[in-house]
Structure formats: C-alpha cells, structure tokens
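Engineer: Just so it is clear, I am handing over input.pdb, which has PDB, C-alpha atoms, pLDDT in the B column.
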ATOM      1  CA  MET A  71     -14.766-318.891 -25.162  1.00 78.00           C
ATOM      2  CA  PRO A  72     -18.591-318.563 -25.527  1.00 80.00           C
ATOM      3  CA  LEU A  73     -18.159-315.777 -28.092  1.00 83.00           C
ATOM      4  CA  VAL A  74     -15.703-317.835 -30.148  1.00 86.00           C
ATOM      5  CA  TYR A  75     -17.962-320.887 -29.970  1.00 87.00           C
ATOM      6  CA  GLY A  76     -20.989-318.777 -30.954  1.00 88.00           C
ATOM      7  CA  VAL A  77     -19.246-317.420 -34.033  1.00 87.00           C
ATOM      8  CA  ALA A  78     -18.061-320.890 -35.022  1.00 87.00           C
ATOM      9  CA  LEU A  79     -21.547-322.312 -34.522  1.00 88.00           C
ATOM     10  CA  LYS A  80     -23.079-319.542 -36.624  1.00 88.00           C
ATOM     11  CA  TYR A  81     -20.772-320.370 -39.538  1.00 86.00           C
ATOM     12  CA  LEU A  82     -20.481-324.149 -39.228  1.00 85.00           C
ATOM     13  CA  LYS A  83     -24.042-324.859 -37.999  1.00 87.00           C
ATOM     14  CA  ARG A  84     -23.234-328.139 -36.218  1.00 86.00           C
ATOM     15  CA  PRO A  85     -22.140-328.019 -32.533  1.00 89.00           C
ATOM     16  CA  GLU A  86     -19.528-330.760 -33.088  1.00 89.00           C
ATOM     17  CA  ASP A  87     -17.934-328.830 -35.942  1.00 87.00           C
ATOM     18  CA  ALA A  88     -17.980-325.616 -33.927  1.00 87.00           C
ATOM     19  CA  GLN A  89     -16.290-327.334 -30.970  1.00 90.00           C
ATOM     20  CA  ASP A  90     -13.619-328.755 -33.281  1.00 88.00           C
ATOM     21  CA  ALA A  91     -13.019-325.324 -34.809  1.00 87.00           C
ATOM     22  CA  VAL A  92     -12.660-323.713 -31.382  1.00 88.00           C
ATOM     23  CA  MET A  93     -10.194-326.370 -30.224  1.00 89.00           C
ATOM     24  CA  GLN A  94      -8.192-326.054 -33.437  1.00 87.00           C
ATOM     25  CA  LEU A  95      -8.088-322.266 -33.094  1.00 86.00           C
ATOM     26  CA  PHE A  96      -6.873-322.353 -29.494  1.00 86.00           C
ATOM     27  CA  GLU A  97      -4.100-324.767 -30.499  1.00 86.00           C
ATOM     28  CA  GLU A  98      -3.014-322.354 -33.245  1.00 84.00           C
ATOM     29  CA  LEU A  99      -3.243-319.303 -30.984  1.00 83.00           C
ATOM     30  CA  ILE A 100      -0.115-320.346 -29.085  1.00 81.00           C
ATOM     31  CA  VAL A 101       1.916-319.613 -32.212  1.00 83.00           C
ATOM     32  CA  LYS A 102      -0.213-316.796 -33.661  1.00 81.00           C
ATOM     33  CA  VAL A 103      -0.165-314.670 -30.492  1.00 80.00           C
ATOM     34  CA  LYS A 104       3.631-314.628 -30.473  1.00 80.00           C
ATOM     35  CA  GLU A 105       3.860-313.664 -34.159  1.00 80.00           C
ATOM     36  CA  THR A 106       1.187-310.990 -34.262  1.00 80.00           C
ATOM     37  CA  GLU A 107       0.999-307.455 -32.954  1.00 81.00           C
ATOM     38  CA  ILE A 108      -2.482-307.325 -31.456  1.00 79.00           C
ATOM     39  CA  GLN A 109      -4.224-303.998 -30.965  1.00 81.00           C
ATOM     40  CA  SER A 110      -7.542-305.381 -29.711  1.00 81.00           C
ATOM     41  CA  PHE A 111      -7.524-308.993 -28.598  1.00 80.00           C
ATOM     42  CA  LYS A 112     -11.301-309.511 -28.848  1.00 83.00           C
ATOM     43  CA  ALA A 113     -11.516-308.158 -32.397  1.00 82.00           C
ATOM     44  CA  TRP A 114      -8.424-310.128 -33.423  1.00 83.00           C
ATOM     45  CA  LEU A 115      -9.793-313.329 -31.880  1.00 84.00           C
ATOM     46  CA  TYR A 116     -13.125-312.808 -33.642  1.00 84.00           C
ATOM     47  CA  THR A 117     -11.307-312.410 -36.968  1.00 84.00           C
ATOM     48  CA  CYS A 118      -9.250-315.557 -36.354  1.00 86.00           C
ATOM     49  CA  ILE A 119     -12.277-317.763 -35.630  1.00 85.00           C
ATOM     50  CA  ARG A 120     -14.216-316.308 -38.551  1.00 87.00           C
ATOM     51  CA  ASN A 121     -11.315-316.949 -40.928  1.00 85.00           C
ATOM     52  CA  ASN A 122     -10.829-320.487 -39.606  1.00 85.00           C
ATOM     53  CA  CYS A 123     -14.524-321.236 -40.124  1.00 87.00           C
ATOM     54  CA  LEU A 124     -14.508-319.831 -43.636  1.00 86.00           C
ATOM     55  CA  MET A 125     -11.455-321.934 -44.507  1.00 84.00           C
ATOM     56  CA  GLU A 126     -13.211-325.027 -43.124  1.00 83.00           C
ATOM     57  CA  ILE A 127     -16.311-324.281 -45.188  1.00 82.00           C
ATOM     58  CA  ARG A 128     -14.173-323.827 -48.313  1.00 81.00           C
ATOM     59  CA  LYS A 129     -12.452-327.143 -47.666  1.00 79.00           C
ATOM     60  CA  ARG A 130     -15.792-328.937 -47.494  1.00 76.00           C
ATOM     61  CA  SER A 131     -17.145-327.597 -50.721  1.00 68.00           C
ATOM     62  CA  LYS A 132     -15.660-325.252 -53.264  1.00 62.00           C
ATOM     63  CA  ASN A 133     -19.143-324.295 -54.496  1.00 54.00           C
ATOM     64  CA  LEU A 134     -20.736-323.594 -51.132  1.00 51.00           C
ATOM     65  CA  SER A 135     -21.626-319.983 -50.402  1.00 53.00           C
ATOM     66  CA  VAL A 136     -22.219-318.739 -46.886  1.00 54.00           C
ATOM     67  CA  SER A 137     -25.455-316.917 -46.307  1.00 55.00           C
ATOM     68  CA  LEU A 138     -25.075-314.208 -43.718  1.00 57.00           C
ATOM     69  CA  ASP A 139     -28.431-312.877 -42.641  1.00 57.00           C
ATOM     70  CA  ASP A 140     -28.970-309.249 -41.687  1.00 54.00           C
ATOM     71  CA  SER A 141     -29.181-309.959 -37.958  1.00 56.00           C
ATOM     72  CA  PHE A 142     -25.796-311.693 -37.969  1.00 57.00           C
ATOM     73  CA  MET A 143     -24.169-308.876 -39.921  1.00 55.00           C
ATOM     74  CA  GLU A 144     -25.709-306.384 -37.493  1.00 54.00           C
ATOM     75  CA  PHE A 145     -24.259-308.414 -34.593  1.00 56.00           C
ATOM     76  CA  CYS A 146     -20.813-308.278 -36.217  1.00 58.00           C
ATOM     77  CA  ASP A 147     -20.992-304.517 -36.700  1.00 52.00           C
ATOM     78  CA  ASP A 148     -22.235-303.962 -33.145  1.00 56.00           C
ATOM     79  CA  PHE A 149     -19.569-306.293 -31.760  1.00 60.00           C
ATOM     80  CA  HIS A 150     -16.782-304.501 -33.631  1.00 59.00           C
ATOM     81  CA  LEU A 151     -18.017-301.036 -32.623  1.00 61.00           C
ATOM     82  CA  THR A 152     -18.366-302.136 -29.005  1.00 59.00           C
ATOM     83  CA  VAL A 153     -14.828-303.516 -28.940  1.00 60.00           C
ATOM     84  CA  VAL A 154     -13.398-300.369 -30.549  1.00 63.00           C
ATOM     85  CA  ASN A 155     -15.306-298.069 -28.169  1.00 67.00           C
ATOM     86  CA  GLU A 156     -14.262-300.088 -25.117  1.00 74.00           C
ATOM     87  CA  ARG A 157     -10.613-299.994 -26.191  1.00 74.00           C
ATOM     88  CA  GLU A 158     -10.745-296.243 -26.789  1.00 77.00           C
ATOM     89  CA  ASN A 159     -12.347-295.674 -23.368  1.00 79.00           C
ATOM     90  CA  ARG A 160      -9.698-297.829 -21.634  1.00 81.00           C
ATOM     91  CA  GLU A 161      -6.882-296.021 -23.438  1.00 83.00           C
ATOM     92  CA  LYS A 162      -8.332-292.611 -22.542  1.00 86.00           C
ATOM     93  CA  SER A 163      -8.707-293.645 -18.899  1.00 86.00           C
ATOM     94  CA  LEU A 164      -5.172-295.031 -18.831  1.00 87.00           C
ATOM     95  CA  ARG A 165      -3.746-291.792 -20.267  1.00 89.00           C
ATOM     96  CA  GLU A 166      -5.691-289.762 -17.700  1.00 90.00           C
ATOM     97  CA  CYS A 167      -4.475-291.968 -14.853  1.00 91.00           C
ATOM     98  CA  ILE A 168      -0.857-291.781 -16.039  1.00 92.00           C
ATOM     99  CA  GLU A 169      -1.069-287.989 -16.164  1.00 93.00           C
ATOM    100  CA  GLY A 170      -2.459-288.009 -12.620  1.00 93.00           C
ATOM    101  CA  LEU A 171       0.558-289.832 -11.177  1.00 94.00           C
ATOM    102  CA  PRO A 172       3.137-287.942  -9.128  1.00 95.00           C
ATOM    103  CA  GLU A 173       5.879-286.557 -11.391  1.00 95.00           C
ATOM    104  CA  ARG A 174       8.641-289.100 -10.645  1.00 95.00           C
ATOM    105  CA  GLN A 175       6.250-292.054 -10.914  1.00 95.00           C
ATOM    106  CA  ARG A 176       4.789-290.708 -14.160  1.00 94.00           C
ATOM    107  CA  VAL A 177       8.202-290.218 -15.758  1.00 94.00           C
ATOM    108  CA  SER A 178       9.422-293.652 -14.671  1.00 93.00           C
ATOM    109  CA  VAL A 179       6.247-295.427 -15.785  1.00 92.00           C
ATOM    110  CA  LYS A 180       6.231-293.683 -19.175  1.00 90.00           C
ATOM    111  CA  TYR A 181       9.871-294.526 -19.864  1.00 91.00           C
ATOM    112  CA  PHE A 182       9.539-298.128 -18.668  1.00 90.00           C
ATOM    113  CA  PHE A 183       6.159-299.117 -20.139  1.00 86.00           C
ATOM    114  CA  LEU A 184       5.445-296.717 -22.986  1.00 84.00           C
ATOM    115  CA  ASN A 185       8.993-296.277 -24.277  1.00 86.00           C
ATOM    116  CA  GLU A 186       9.903-299.855 -23.258  1.00 87.00           C
ATOM    117  CA  LEU A 187      13.192-298.817 -21.678  1.00 89.00           C
ATOM    118  CA  SER A 188      15.038-301.062 -19.230  1.00 90.00           C
ATOM    119  CA  TYR A 189      15.477-300.123 -15.569  1.00 91.00           C
ATOM    120  CA  LYS A 190      19.076-299.148 -16.381  1.00 92.00           C
ATOM    121  CA  GLU A 191      17.980-296.893 -19.262  1.00 93.00           C
ATOM    122  CA  VAL A 192      15.356-295.229 -17.047  1.00 93.00           C
ATOM    123  CA  GLU A 193      18.072-294.616 -14.429  1.00 94.00           C
ATOM    124  CA  GLU A 194      20.317-293.022 -17.054  1.00 94.00           C
ATOM    125  CA  ARG A 195      17.592-290.765 -18.441  1.00 93.00           C
ATOM    126  CA  THR A 196      16.185-289.633 -15.103  1.00 94.00           C
ATOM    127  CA  GLY A 197      19.222-289.659 -12.840  1.00 95.00           C
ATOM    128  CA  PHE A 198      17.231-291.663 -10.273  1.00 94.00           C
ATOM    129  CA  SER A 199      18.968-294.503  -8.444  1.00 94.00           C
ATOM    130  CA  SER A 200      18.150-298.114  -9.294  1.00 92.00           C
ATOM    131  CA  LYS A 201      16.085-298.525  -6.120  1.00 95.00           C
ATOM    132  CA  MET A 202      14.217-295.293  -6.776  1.00 95.00           C
ATOM    133  CA  VAL A 203      13.325-296.326 -10.338  1.00 93.00           C
ATOM    134  CA  LYS A 204      12.017-299.700  -9.190  1.00 93.00           C
ATOM    135  CA  SER A 205      10.068-298.058  -6.387  1.00 94.00           C
ATOM    136  CA  PHE A 206       8.565-295.382  -8.649  1.00 95.00           C
ATOM    137  CA  ILE A 207       7.513-298.000 -11.199  1.00 93.00           C
ATOM    138  CA  GLN A 208       5.982-300.315  -8.587  1.00 94.00           C
ATOM    139  CA  ASN A 209       4.150-297.457  -6.843  1.00 95.00           C
ATOM    140  CA  GLY A 210       3.101-296.061 -10.217  1.00 93.00           C
ATOM    141  CA  LYS A 211       1.652-299.430 -11.266  1.00 92.00           C
ATOM    142  CA  ARG A 212      -0.250-299.700  -7.999  1.00 93.00           C
ATOM    143  CA  ASN A 213      -1.584-296.146  -8.322  1.00 93.00           C
ATOM    144  CA  LEU A 214      -2.570-296.753 -11.961  1.00 90.00           C
ATOM    145  CA  LYS A 215      -4.460-299.887 -10.970  1.00 90.00           C
ATOM    146  CA  LEU A 216      -6.312-298.020  -8.235  1.00 91.00           C
ATOM    147  CA  CYS A 217      -7.114-295.121 -10.562  1.00 90.00           C
ATOM    148  CA  LEU A 218      -8.406-297.448 -13.292  1.00 87.00           C
ATOM    149  CA  GLU A 219     -10.526-299.347 -10.776  1.00 88.00           C
ATOM    150  CA  ARG A 220     -12.071-296.046  -9.643  1.00 89.00           C
ATOM    151  CA  LYS A 221     -12.944-295.419 -13.307  1.00 83.00           C
ATOM    152  CA  GLY A 222     -14.572-298.836 -13.537  1.00 83.00           C
ATOM    153  CA  ILE A 223     -11.832-300.535 -15.555  1.00 78.00           C
ATOM    154  CA  THR A 224     -10.740-303.913 -14.233  1.00 69.00           C
ATOM    155  CA  SER A 225      -7.182-305.178 -14.546  1.00 57.00           C
ATOM    156  CA  ASN A 226      -8.078-307.993 -16.977  1.00 53.00           C
ATOM    157  CA  GLU A 227      -9.454-305.376 -19.402  1.00 46.00           C
ATOM    158  CA  THR A 228      -6.150-303.524 -19.507  1.00 46.00           C
ATOM    159  CA  ASP A 229      -3.994-306.578 -20.294  1.00 46.00           C
TER     160      ASP A 229
END
I need this file expressed as structure tokens, please.

Structural biologist:
Amino acid sequence: MPLVYGVALKYLKRPEDAQDAVMQLFEELIVKVKETEIQSFKAWLYTCIRNNCLMEIRKRSKNLSVSLDDSFMEFCDDFHLTVVNERENREKSLRECIEGLPERQRVSVKYFFLNELSYKEVEERTGFSSKMVKSFIQNGKRNLKLCLERKGITSNETD
C-alpha cells in the first residue's frame, strides 16, 4: 500500500488525488487480478497504478506533460530490477527445495502444483493410492515451506 500510494503521489502531486487513485485501483484489482496472468505481483501492481495515474493526468488536461526527474526514473529502474532479482532468487530456491524432497513427495508435488493435475490424475500417473498422494503432497508442502524458510524466503513471498 505505501509503495502504491508513493507512486500515485509522485504522479498526481496532491495527497487527496493520490488517495483517490489508490482506492480506485484497489476497487479495480478485484476484476483485474482474475483476468490477468501475473508473473510478478509487485511489478504488475506498480504498472497498474502508474497507468491509472497517467490516465487521470490525461483526463485533466490533454496538453499536460509529465516531468519525470532523473531520481524518479532511477527509482523505477532500481525497483524493477529489485523485483525481478527477488523473483528469480525465489524461483531458484523453490526449484532447489523441490529437488531436495524425497522422491515420492517430489513427484506428487510436481504433478499437482507444476503440472496442475488433480489428485485423481496424480494417482493415475504414479500408481499411488489416493491417501498416499494426499499425504505426499501435504508433507511435500510442509517440507518445501521449511526449506524455503531456511533459505530466508517467507511464505508470503512465494504466494
């Protein structure tokens, strides 16, 4: 929320306008999130608030140009690079943790989460019973969480 407000304030200048833009964006997000495939939520959210602010500025005056100083552009570049690097680090850690799971947990987790198969489809592909599949997935999730925590990645970062 502070990041979104900060971006809106940078573009719109007035705190009241920035607050309105943030509220409007969060109302729209309910629909947008369902319609959009999001690779990096922070980068996507940044783009949404920036676009909303630019549309608001255009509405106010067709002839108004937005002056983006060097420090703001540097912030944007740093922010984007930070988000991309964080995502890559989380993905690398997740892959490493998945590979470190016991064989039956790893296979079940990969089929269920990465291939998006149902429990029934995992059963059919592996030959494991329904109870075994559910157990392997639950234990695999727990072990992945523990592994990621050991690597310094919290569960809200992996969502």

Engineer: By how many Å are atom CA of A:Ser178 and atom CA of A:Ile223 apart?

Structural biologist: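 Atom-to-atom, atom CA of A:Ser178 and atom CA of A:Ile223 are spaced 22.4 Å apart.
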
Engineer: Work out how far atom CA of A:Gln208 is from atom CA of A:Glu161, in Å to one decimal.

Structural biologist: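 Between atom CA of A:Glu161 and atom CA of A:Gln208 the gap works out to 20.1 Å.
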
Engineer: Give the answer as one residue: which of A:Lys190, A:Lys204, A:Lys180, A:Lys83 has the shortest atom-to-atom distance to A:Glu126, using all atoms listed in the file?

Structural biologist: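 When distances to A:Glu126 are compared using all atoms listed in the file, the smallest one comes from A:Lys83.
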
Engineer: Can you sort out the box for stretch 194-199 of chain A, edges along x, y and z, all listed atoms in, 5 Å on every side, with centre and edge lengths in Å to one decimal, as lines of an AutoDock Vina configuration file?

Structural biologist:
center_x = 18.3
center_y = -292.1
center_z = -13.4
size_x = 14.1
size_y = 14.9
size_z = 20.0

Engineer: With the PyMOL selection byres ((chain A and resi 179) around 9) as the selection, what would be picked from this file? Answer as an mmCIF file with C-alpha atoms, keeping the file's coordinate frame, please.

Structural biologist:
data_model
loop_
_atom_site.group_PDB
_atom_site.id
_atom_site.type_symbol
_atom_site.label_atom_id
_atom_site.label_comp_id
_atom_site.auth_asym_id
_atom_site.auth_seq_id
_atom_site.Cartn_x
_atom_site.Cartn_y
_atom_site.Cartn_z
ATOM 1 C CA ILE A 168 -0.857 -291.781 -16.039
ATOM 2 C CA ARG A 174 8.641 -289.100 -10.645
ATOM 3 C CA GLN A 175 6.250 -292.054 -10.914
ATOM 4 C CA ARG A 176 4.789 -290.708 -14.160
ATOM 5 C CA VAL A 177 8.202 -290.218 -15.758
ATOM 6 C CA SER A 178 9.422 -293.652 -14.671
ATOM 7 C CA LYS A 180 6.231 -293.683 -19.175
ATOM 8 C CA TYR A 181 9.871 -294.526 -19.864
ATOM 9 C CA PHE A 182 9.539 -298.128 -18.668
ATOM 10 C CA PHE A 183 6.159 -299.117 -20.139
ATOM 11 C CA LEU A 184 5.445 -296.717 -22.986
ATOM 12 C CA ASN A 185 8.993 -296.277 -24.277
ATOM 13 C CA VAL A 203 13.325 -296.326 -10.338
ATOM 14 C CA PHE A 206 8.565 -295.382 -8.649
ATOM 15 C CA ILE A 207 7.513 -298.000 -11.199
ATOM 16 C CA GLN A 208 5.982 -300.315 -8.587
ATOM 17 C CA GLY A 210 3.101 -296.061 -10.217
ATOM 18 C CA LYS A 211 1.652 -299.430 -11.266
#

Engineer: Calculate how many Å separate atom CA of A:Lys201 from atom CA of A:Leu216, rounding to one decimal.

Structural biologist: 22.5 Å

Engineer: I need the residue nearest A:Ala113 from this list: A:Lys215, A:Arg130, A:Lys162, A:Arg157. Use all atoms listed in the file for the distance.

Structural biologist: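 Looking at the shortest contact to A:Ala113, the residue is A:Arg157.
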
Engineer: Tell me which of A:Val192, A:Leu124, A:Leu218, A:Cys118 sits closest to A:Leu95, counting all atoms listed in the file.

Structural biologist: A:Cys118

Engineer: List every protein, DNA or RNA residue with an atom no more than 10 Å from (-21.7, -322.9, -40.6) in the file's coordinates, counting all atoms listed in the file, and format the result as number ranges by chain.

Structural biologist: A: 77-85, 87-88, 123-124, 126-127, 136-138

Engineer: From the options A:Glu107, A:Asn121, A:Ser163, A:Glu186, which residue's atoms come nearest to A:Val92, counting all atoms listed in the file?

Structural biologist: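 Between A:Glu107, A:Asn121, A:Ser163, A:Glu186, the residue approaching A:Val92 most closely is A:Asn121.
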